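Undergrad: Have a look at this one before I ask anything.
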Amino acid sequence: MEEENKETSVRHFLELIKKSRRGKLKIYIGMSAGVGKTYRMLQESQALLRNGVDICIGYVETHNRAETHALLNTIPLVPRKSIYYRGKEIEEMDLKAILNRHPEVVIVDELAHTNAEGSKNGKRWQDVLDLLEAGISVISAVNIQHLESINEEVQAITGIAATERIPDKILEAADEIVNIDLTADELITRLKEGKIYDQSKIERALGNFFQSDKILQLRELALKEVVHQVERKILSEIPKSIKLRPEKFLACISSNPETAGVVIRKTARLASYYRSPWMVLYVQSDSESMERIKLDKQRHLINHFKLATELGAELVKIKSNHITQTIIDTASQKEVTTICIGKPHLNIFQVILRTAIFNGLLKNLASKDIDLVILS
């Protein structure tokens, strides 16, 4: 057992060494061609050069866009290699030349590109993995429609199948992902001004891919993907001791028909705004046992339980005469960040100043970093 533990420790240390030697990957992602991914990459390249970083261009596709092409002149370039395939000369990124030059950072555009037959790797993303393994950091770019997991969803939106795709693991391996965003109107204006395609292709593009409804849906996909990747990074990399707690709401209700419905609905809205889970807690004291409260109150209470469930809450019912302590204990056990209660019948300042129980609740919640919201 001791030898096994030693081997595990050694393997873990070797993985840490390999990870530290690996290059960093930054990906610019966009909803479509023409949003400015390559332009931003080249702008970043110039900034890195000014700061003394050894950076070069491994492959950039400007699509003859004047504003993008103007940024190329000052950045070192690794010449492309020529591959002859079926009588045609095809230019590809020279992976071997970049590895030999071994810059600190290299720009590699068109991440989903399929390499010409005869290349070391079938796909450019595989070239990028080779560069990272060699300790070279890579800045790359891709459009959302080339992501494997949402390929069918994109095809349903655009009516076009993306034949060149990258596996999701490439985005997951990225150290940084940046979304390049434009409104649908801005993108269509750029297209009409000839900043994306030449004049011969503009009308066709406007009739097919570049339509407001399609752009908006692709934009949403791109934004969601970046948010998803950021959340994944937070969950996997930030220690729990310093990680921001996700919001979780607890609505506390009684058999009072006037306040229970308000508390449930307003807490539901808060939870929806924060996209957070929430619960409804009902503490049944002896004075609120079914034998003691009136039938109409029982009916209202059952209806409020039903409402809470319909609105997506987890329903928690506890029998206890120690209501305040039960609320505190439940909040702690369920890792609640915010407790929502109805407005007390007494003036709130009188409650705070005169009620020892309420004071105790406030002090206890403050010590546990739990917020209290009093709903009017």
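In the structure tokens, chains take the letters A, B, ... in the order shown, each chain's residues start at 1, and ligands count up from 1 in the order shown.
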Can you tell me which residues surround stretch 306-310 of chain A at a distance of at most 9 Å, considering only C-alpha atoms, apart from same-chain residues fewer than 3 positions away, and format the answer as a PyMOL selection string?
TA: chain A and resi 261+264-265+268+279-280+301-303+313-315
Undergrad: Please, could you write that set of residues out with N, CA, C and O atoms as an mmCIF file, in the first residue's frame?
TA:
data_model
loop_
_atom_site.group_PDB
_atom_site.id
_atom_site.type_symbol
_atom_site.label_atom_id
_atom_site.label_comp_id
_atom_site.auth_asym_id
_atom_site.auth_seq_id
_atom_site.Cartn_x
_atom_site.Cartn_y
_atom_site.Cartn_z
ATOM 1 N N GLY A 261 -48.307 33.684 0.110
ATOM 2 C CA GLY A 261 -48.279 33.749 -1.359
ATOM 3 C C GLY A 261 -47.309 34.799 -1.870
ATOM 4 O O GLY A 261 -46.591 34.583 -2.857
ATOM 5 N N ILE A 264 -43.681 33.555 -1.446
ATOM 6 C CA ILE A 264 -43.361 32.514 -2.431
ATOM 7 C C ILE A 264 -43.112 33.124 -3.806
ATOM 8 O O ILE A 264 -42.105 32.833 -4.464
ATOM 9 N N ARG A 265 -44.023 34.000 -4.257
ATOM 10 C CA ARG A 265 -43.898 34.566 -5.611
ATOM 11 C C ARG A 265 -42.672 35.469 -5.734
ATOM 12 O O ARG A 265 -41.951 35.423 -6.732
ATOM 13 N N ALA A 268 -39.532 33.421 -5.763
ATOM 14 C CA ALA A 268 -39.420 32.756 -7.073
ATOM 15 C C ALA A 268 -38.820 33.697 -8.103
ATOM 16 O O ALA A 268 -37.982 33.302 -8.926
ATOM 17 N N MET A 279 -35.911 27.167 -2.051
ATOM 18 C CA MET A 279 -36.738 26.278 -1.240
ATOM 19 C C MET A 279 -37.793 27.086 -0.502
ATOM 20 O O MET A 279 -37.625 28.278 -0.277
ATOM 21 N N VAL A 280 -38.854 26.402 -0.133
ATOM 22 C CA VAL A 280 -39.879 26.989 0.726
ATOM 23 C C VAL A 280 -39.913 26.171 2.006
ATOM 24 O O VAL A 280 -40.061 24.940 1.969
ATOM 25 N N LEU A 301 -52.944 26.942 3.046
ATOM 26 C CA LEU A 301 -51.604 26.401 3.230
ATOM 27 C C LEU A 301 -51.298 25.340 2.169
ATOM 28 O O LEU A 301 -50.227 25.346 1.545
ATOM 29 N N ILE A 302 -52.255 24.444 1.942
ATOM 30 C CA ILE A 302 -52.072 23.396 0.914
ATOM 31 C C ILE A 302 -51.897 24.030 -0.469
ATOM 32 O O ILE A 302 -51.053 23.602 -1.273
ATOM 33 N N ASN A 303 -52.703 25.065 -0.753
ATOM 34 C CA ASN A 303 -52.591 25.751 -2.044
ATOM 35 C C ASN A 303 -51.223 26.428 -2.204
ATOM 36 O O ASN A 303 -50.649 26.459 -3.294
ATOM 37 N N ALA A 313 -39.883 25.284 -6.565
ATOM 38 C CA ALA A 313 -39.204 25.253 -5.270
ATOM 39 C C ALA A 313 -39.134 23.834 -4.711
ATOM 40 O O ALA A 313 -39.973 22.980 -5.015
ATOM 41 N N GLU A 314 -38.106 23.616 -3.898
ATOM 42 C CA GLU A 314 -38.049 22.405 -3.081
ATOM 43 C C GLU A 314 -38.829 22.712 -1.806
ATOM 44 O O GLU A 314 -38.561 23.714 -1.146
ATOM 45 N N LEU A 315 -39.789 21.869 -1.487
ATOM 46 C CA LEU A 315 -40.652 22.118 -0.327
ATOM 47 C C LEU A 315 -40.111 21.372 0.892
ATOM 48 O O LEU A 315 -39.863 20.167 0.851
#
Undergrad: May I have the residues within 12 Å of A:Phe210 as a PyMOL selection string, using only C-alpha atoms and disregarding those fewer than 3 positions away in the same chain?
TA: chain A and resi 31-35+157-159+183-192+196-197+201-207+213-219
Undergrad: Which residues are near A:Val283? Cut-off 10 Å, only C-alpha atoms, ignore same chain within fewer than 3 positions. Put them as a PDB file with all heavy atoms, in the first residue's frame.
TA:
ATOM      1  N   CYS A 252     -39.427  31.525   3.816  1.00  0.00           N
ATOM      2  CA  CYS A 252     -40.033  31.023   5.046  1.00  0.00           C
ATOM      3  C   CYS A 252     -41.495  31.475   5.114  1.00  0.00           C
ATOM      4  O   CYS A 252     -41.780  32.673   5.047  1.00  0.00           O
ATOM      5  CB  CYS A 252     -39.273  31.544   6.260  1.00  0.00           C
ATOM      6  SG  CYS A 252     -37.542  31.043   6.276  1.00  0.00           S
ATOM      7  N   ILE A 253     -42.397  30.510   5.231  1.00  0.00           N
ATOM      8  CA  ILE A 253     -43.820  30.865   5.270  1.00  0.00           C
ATOM      9  C   ILE A 253     -44.477  30.279   6.515  1.00  0.00           C
ATOM     10  O   ILE A 253     -43.965  29.356   7.141  1.00  0.00           O
ATOM     11  CB  ILE A 253     -44.576  30.376   4.011  1.00  0.00           C
ATOM     12  CG1 ILE A 253     -44.577  28.840   3.942  1.00  0.00           C
ATOM     13  CG2 ILE A 253     -43.968  30.987   2.758  1.00  0.00           C
ATOM     14  CD1 ILE A 253     -45.536  28.276   2.905  1.00  0.00           C
ATOM     15  N   SER A 254     -45.621  30.856   6.835  1.00  0.00           N
ATOM     16  CA  SER A 254     -46.460  30.335   7.921  1.00  0.00           C
ATOM     17  C   SER A 254     -47.836  30.044   7.331  1.00  0.00           C
ATOM     18  O   SER A 254     -48.016  30.074   6.111  1.00  0.00           O
ATOM     19  CB  SER A 254     -46.567  31.370   9.051  1.00  0.00           C
ATOM     20  OG  SER A 254     -47.309  32.494   8.601  1.00  0.00           O
ATOM     21  N   SER A 255     -48.813  29.796   8.199  1.00  0.00           N
ATOM     22  CA  SER A 255     -50.173  29.547   7.695  1.00  0.00           C
ATOM     23  C   SER A 255     -50.922  30.841   7.391  1.00  0.00           C
ATOM     24  O   SER A 255     -52.084  30.805   6.985  1.00  0.00           O
ATOM     25  CB  SER A 255     -50.959  28.717   8.712  1.00  0.00           C
ATOM     26  OG  SER A 255     -51.027  29.416   9.953  1.00  0.00           O
ATOM     27  N   ASP A 286     -46.725  23.595  17.452  1.00  0.00           N
ATOM     28  CA  ASP A 286     -47.917  22.966  18.042  1.00  0.00           C
ATOM     29  C   ASP A 286     -49.157  23.827  17.836  1.00  0.00           C
ATOM     30  O   ASP A 286     -50.258  23.315  17.629  1.00  0.00           O
ATOM     31  CB  ASP A 286     -47.699  22.732  19.544  1.00  0.00           C
ATOM     32  CG  ASP A 286     -46.685  21.622  19.804  1.00  0.00           C
ATOM     33  OD1 ASP A 286     -46.399  20.860  18.853  1.00  0.00           O
ATOM     34  OD2 ASP A 286     -46.170  21.539  20.935  1.00  0.00           O
ATOM     35  N   GLU A 288     -49.853  25.498  15.307  1.00  0.00           N
ATOM     36  CA  GLU A 288     -50.304  25.445  13.913  1.00  0.00           C
ATOM     37  C   GLU A 288     -50.572  24.011  13.455  1.00  0.00           C
ATOM     38  O   GLU A 288     -50.603  23.724  12.270  1.00  0.00           O
ATOM     39  CB  GLU A 288     -49.256  26.091  12.995  1.00  0.00           C
ATOM     40  CG  GLU A 288     -49.209  27.606  13.117  1.00  0.00           C
ATOM     41  CD  GLU A 288     -48.735  28.283  11.847  1.00  0.00           C
ATOM     42  OE1 GLU A 288     -48.071  27.625  11.033  1.00  0.00           O
ATOM     43  OE2 GLU A 288     -49.049  29.470  11.659  1.00  0.00           O
ATOM     44  N   VAL A 316     -39.920  22.127   1.999  1.00  0.00           N
ATOM     45  CA  VAL A 316     -39.410  21.540   3.240  1.00  0.00           C
ATOM     46  C   VAL A 316     -40.412  21.828   4.354  1.00  0.00           C
ATOM     47  O   VAL A 316     -40.709  22.994   4.640  1.00  0.00           O
ATOM     48  CB  VAL A 316     -38.026  22.125   3.614  1.00  0.00           C
ATOM     49  CG1 VAL A 316     -37.523  21.496   4.911  1.00  0.00           C
ATOM     50  CG2 VAL A 316     -37.021  21.920   2.490  1.00  0.00           C
ATOM     51  N   LYS A 317     -40.936  20.749   4.988  1.00  0.00           N
ATOM     52  CA  LYS A 317     -41.886  20.904   6.091  1.00  0.00           C
ATOM     53  C   LYS A 317     -41.294  20.260   7.342  1.00  0.00           C
ATOM     54  O   LYS A 317     -40.904  19.087   7.310  1.00  0.00           O
ATOM     55  CB  LYS A 317     -43.230  20.262   5.743  1.00  0.00           C
ATOM     56  CG  LYS A 317     -43.965  20.979   4.613  1.00  0.00           C
ATOM     57  CD  LYS A 317     -45.335  20.381   4.346  1.00  0.00           C
ATOM     58  CE  LYS A 317     -45.240  19.175   3.441  1.00  0.00           C
ATOM     59  NZ  LYS A 317     -46.567  18.655   3.023  1.00  0.00           N
ATOM     60  N   ILE A 318     -41.209  21.045   8.405  1.00  0.00           N
ATOM     61  CA  ILE A 318     -40.599  20.560   9.652  1.00  0.00           C
ATOM     62  C   ILE A 318     -41.507  20.887  10.834  1.00  0.00           C
ATOM     63  O   ILE A 318     -42.007  22.013  10.938  1.00  0.00           O
ATOM     64  CB  ILE A 318     -39.204  21.201   9.875  1.00  0.00           C
ATOM     65  CG1 ILE A 318     -38.257  20.834   8.732  1.00  0.00           C
ATOM     66  CG2 ILE A 318     -38.618  20.761  11.221  1.00  0.00           C
ATOM     67  CD1 ILE A 318     -36.920  21.542   8.797  1.00  0.00           C
ATOM     68  N   LYS A 319     -41.699  19.913  11.725  1.00  0.00           N
ATOM     69  CA  LYS A 319     -42.462  20.156  12.951  1.00  0.00           C
ATOM     70  C   LYS A 319     -41.500  20.576  14.063  1.00  0.00           C
ATOM     71  O   LYS A 319     -40.563  19.845  14.386  1.00  0.00           O
ATOM     72  CB  LYS A 319     -43.210  18.895  13.373  1.00  0.00           C
ATOM     73  CG  LYS A 319     -44.382  18.552  12.460  1.00  0.00           C
ATOM     74  CD  LYS A 319     -45.152  17.335  12.992  1.00  0.00           C
ATOM     75  CE  LYS A 319     -46.363  17.039  12.092  1.00  0.00           C
ATOM     76  NZ  LYS A 319     -47.136  15.883  12.594  1.00  0.00           N
ATOM     77  N   SER A 320     -41.721  21.765  14.618  1.00  0.00           N
ATOM     78  CA  SER A 320     -40.849  22.268  15.679  1.00  0.00           C
ATOM     79  C   SER A 320     -41.478  23.482  16.343  1.00  0.00           C
ATOM     80  O   SER A 320     -42.152  24.279  15.696  1.00  0.00           O
ATOM     81  CB  SER A 320     -39.483  22.650  15.121  1.00  0.00           C
ATOM     82  OG  SER A 320     -38.684  23.282  16.104  1.00  0.00           O
ATOM     83  N   ASN A 321     -41.249  23.622  17.642  1.00  0.00           N
ATOM     84  CA  ASN A 321     -41.696  24.822  18.359  1.00  0.00           C
ATOM     85  C   ASN A 321     -40.596  25.881  18.404  1.00  0.00           C
ATOM     86  O   ASN A 321     -40.829  27.000  18.842  1.00  0.00           O
ATOM     87  CB  ASN A 321     -42.132  24.455  19.782  1.00  0.00           C
ATOM     88  CG  ASN A 321     -43.454  23.695  19.794  1.00  0.00           C
ATOM     89  OD1 ASN A 321     -44.345  24.008  19.010  1.00  0.00           O
ATOM     90  ND2 ASN A 321     -43.563  22.696  20.654  1.00  0.00           N
ATOM     91  N   HIS A 322     -39.402  25.525  17.963  1.00  0.00           N
ATOM     92  CA  HIS A 322     -38.272  26.463  17.950  1.00  0.00           C
ATOM     93  C   HIS A 322     -38.084  26.975  16.510  1.00  0.00           C
ATOM     94  O   HIS A 322     -37.187  26.536  15.782  1.00  0.00           O
ATOM     95  CB  HIS A 322     -37.012  25.774  18.462  1.00  0.00           C
ATOM     96  CG  HIS A 322     -37.187  25.139  19.801  1.00  0.00           C
ATOM     97  ND1 HIS A 322     -37.321  25.883  20.964  1.00  0.00           N
ATOM     98  CD2 HIS A 322     -37.296  23.836  20.172  1.00  0.00           C
ATOM     99  CE1 HIS A 322     -37.473  25.064  21.990  1.00  0.00           C
ATOM    100  NE2 HIS A 322     -37.465  23.808  21.536  1.00  0.00           N
ATOM    101  N   ILE A 323     -38.965  27.884  16.128  1.00  0.00           N
ATOM    102  CA  ILE A 323     -39.043  28.302  14.724  1.00  0.00           C
ATOM    103  C   ILE A 323     -37.758  28.980  14.258  1.00  0.00           C
ATOM    104  O   ILE A 323     -37.195  28.642  13.212  1.00  0.00           O
ATOM    105  CB  ILE A 323     -40.260  29.240  14.519  1.00  0.00           C
ATOM    106  CG1 ILE A 323     -41.551  28.464  14.798  1.00  0.00           C
ATOM    107  CG2 ILE A 323     -40.269  29.799  13.094  1.00  0.00           C
ATOM    108  CD1 ILE A 323     -42.797  29.301  14.819  1.00  0.00           C
ATOM    109  N   THR A 324     -37.261  29.946  15.035  1.00  0.00           N
ATOM    110  CA  THR A 324     -36.060  30.683  14.637  1.00  0.00           C
ATOM    111  C   THR A 324     -34.865  29.755  14.459  1.00  0.00           C
ATOM    112  O   THR A 324     -34.161  29.815  13.451  1.00  0.00           O
ATOM    113  CB  THR A 324     -35.718  31.767  15.681  1.00  0.00           C
ATOM    114  OG1 THR A 324     -36.840  32.632  15.834  1.00  0.00           O
ATOM    115  CG2 THR A 324     -34.508  32.577  15.230  1.00  0.00           C
ATOM    116  N   THR A 326     -34.897  26.570  13.917  1.00  0.00           N
ATOM    117  CA  THR A 326     -35.145  25.652  12.791  1.00  0.00           C
ATOM    118  C   THR A 326     -34.806  26.314  11.466  1.00  0.00           C
ATOM    119  O   THR A 326     -34.231  25.685  10.570  1.00  0.00           O
ATOM    120  CB  THR A 326     -36.617  25.186  12.794  1.00  0.00           C
ATOM    121  OG1 THR A 326     -36.912  24.566  14.041  1.00  0.00           O
ATOM    122  CG2 THR A 326     -36.879  24.197  11.668  1.00  0.00           C
ATOM    123  N   ILE A 327     -35.167  27.595  11.346  1.00  0.00           N
ATOM    124  CA  ILE A 327     -34.832  28.345  10.127  1.00  0.00           C
ATOM    125  C   ILE A 327     -33.313  28.417   9.956  1.00  0.00           C
ATOM    126  O   ILE A 327     -32.775  28.158   8.875  1.00  0.00           O
ATOM    127  CB  ILE A 327     -35.436  29.765  10.171  1.00  0.00           C
ATOM    128  CG1 ILE A 327     -36.966  29.702  10.086  1.00  0.00           C
ATOM    129  CG2 ILE A 327     -34.872  30.631   9.030  1.00  0.00           C
ATOM    130  CD1 ILE A 327     -37.657  31.036  10.342  1.00  0.00           C
TER     131      ILE A 327
END
Undergrad: Extract, using only C-alpha atoms, all DNA, RNA and protein residues at most 10 Å from A:Leu99, discarding same-chain residues fewer than 6 positions from it, and format them as an mmCIF file with C-alpha atoms, in the first residue's frame.
TA:
data_model
loop_
_atom_site.group_PDB
_atom_site.id
_atom_site.type_symbol
_atom_site.label_atom_id
_atom_site.label_comp_id
_atom_site.auth_asym_id
_atom_site.auth_seq_id
_atom_site.Cartn_x
_atom_site.Cartn_y
_atom_site.Cartn_z
ATOM 1 C CA ASP A 130 1.360 19.657 -30.774
ATOM 2 C CA LEU A 131 2.431 23.270 -30.289
ATOM 3 C CA ALA A 134 6.059 21.659 -27.087
ATOM 4 C CA GLY A 135 5.600 24.510 -24.601
ATOM 5 C CA ILE A 136 4.492 27.088 -27.182
#
Undergrad: My list of candidates is A:Arg292, A:Glu172, A:Asp369, A:Ile27. Which is closest to A:Glu231 when distances are computed with only C-alpha atoms?
TA: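 For A:Glu231, the nearest of the given residues is A:Glu172.
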Undergrad: Residues near stretch 81-85 of chain A, anyone? I mean within 12 Å using only C-alpha atoms, not counting same-chain ones fewer than 4 positions away, as a PDB file with C-alpha atoms, in the first residue's frame.
TA:
ATOM      1  CA  GLY A  58       1.889  30.713 -37.799  1.00  0.00           C
ATOM      2  CA  TYR A  59      -1.220  31.152 -39.915  1.00  0.00           C
ATOM      3  CA  GLU A  89      -0.454  23.650 -54.914  1.00  0.00           C
ATOM      4  CA  ILE A  90      -1.992  24.175 -51.453  1.00  0.00           C
ATOM      5  CA  GLU A  91      -0.524  26.430 -48.776  1.00  0.00           C
ATOM      6  CA  GLU A  92      -0.670  25.169 -45.201  1.00  0.00           C
ATOM      7  CA  MET A  93       0.719  26.224 -41.841  1.00  0.00           C
ATOM      8  CA  ASP A  94       4.285  24.951 -41.447  1.00  0.00           C
ATOM      9  CA  LEU A  95       4.043  23.137 -38.110  1.00  0.00           C
ATOM     10  CA  LYS A  96       7.620  21.855 -38.228  1.00  0.00           C
ATOM     11  CA  ALA A  97       9.044  25.328 -38.908  1.00  0.00           C
ATOM     12  CA  ILE A  98       7.130  26.796 -35.941  1.00  0.00           C
ATOM     13  CA  ASN A 115      -5.303  20.172 -43.401  1.00  0.00           C
ATOM     14  CA  ALA A 116      -4.379  19.063 -46.894  1.00  0.00           C
ATOM     15  CA  GLU A 117      -3.609  15.395 -47.367  1.00  0.00           C
ATOM     16  CA  GLY A 118       0.057  14.777 -46.662  1.00  0.00           C
ATOM     17  CA  SER A 119       0.128  17.009 -43.573  1.00  0.00           C
ATOM     18  CA  LYS A 120       1.278  15.545 -40.240  1.00  0.00           C
TER      19      LYS A 120
END
Undergrad: Can you pull out every residue within 12 Å of A:Trp125, counting only C-alpha atoms, but drop anything in the same chain fewer than 4 positions away, and send it as a count of residues only?
TA: 35
Undergrad: From the DSSP assignment of the backbone, select every residue of stretch 98-297 of chain A that is helix (DSSP H, G or I), and format the answer as JSON, numbers by chain.
TA: {"A": [98, 99, 100, 101, 124, 125, 126, 127, 128, 129, 130, 131, 132, 133, 144, 145, 146, 148, 149, 150, 151, 152, 153, 154, 155, 156, 157, 158, 168, 169, 170, 171, 172, 173, 184, 185, 186, 187, 188, 189, 190, 191, 192, 199, 200, 201, 202, 203, 204, 205, 206, 207, 212, 213, 214, 215, 216, 217, 218, 219, 220, 221, 222, 223, 224, 225, 226, 227, 228, 229, 230, 231, 232, 233, 234, 235, 236, 237, 257, 258, 259, 260, 261, 262, 263, 264, 265, 266, 267, 268, 269, 270, 271, 272, 273, 274, 286, 287, 288, 295, 296, 297]}
Undergrad: State, in Å with one decimal place, the distance from atom CA of A:Thr337 to atom CA of A:Leu311.
TA: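 Interatomic distance here is 19.3 Å.
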Undergrad: So that I can check the surroundings of A:Asn179, please list as a PyMOL selection string every protein, DNA and RNA residue that reaches within 6 Å of it, counting only C-alpha atoms and ignoring chain neighbours fewer than 5 positions away.
TA: chain A and resi 28-30
Undergrad: Write out as a count of residues only all residues of stretch 208-351 of chain A that backbone DSSP assigns to strand (DSSP E or B).
TA: 23
Undergrad: So, counting only C-alpha atoms, which residue among A:His304, A:Lys24, A:His69, A:Arg101 is closest to A:Asp54?
TA: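 Using only C-alpha atoms, A:Asp54 sits closest to A:Arg101.
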Undergrad: Go ahead and compute the interatomic distance for atom CA of A:Asn208 and atom CA of A:Ala162, in Å to one decimal.
TA: 14.4 Å
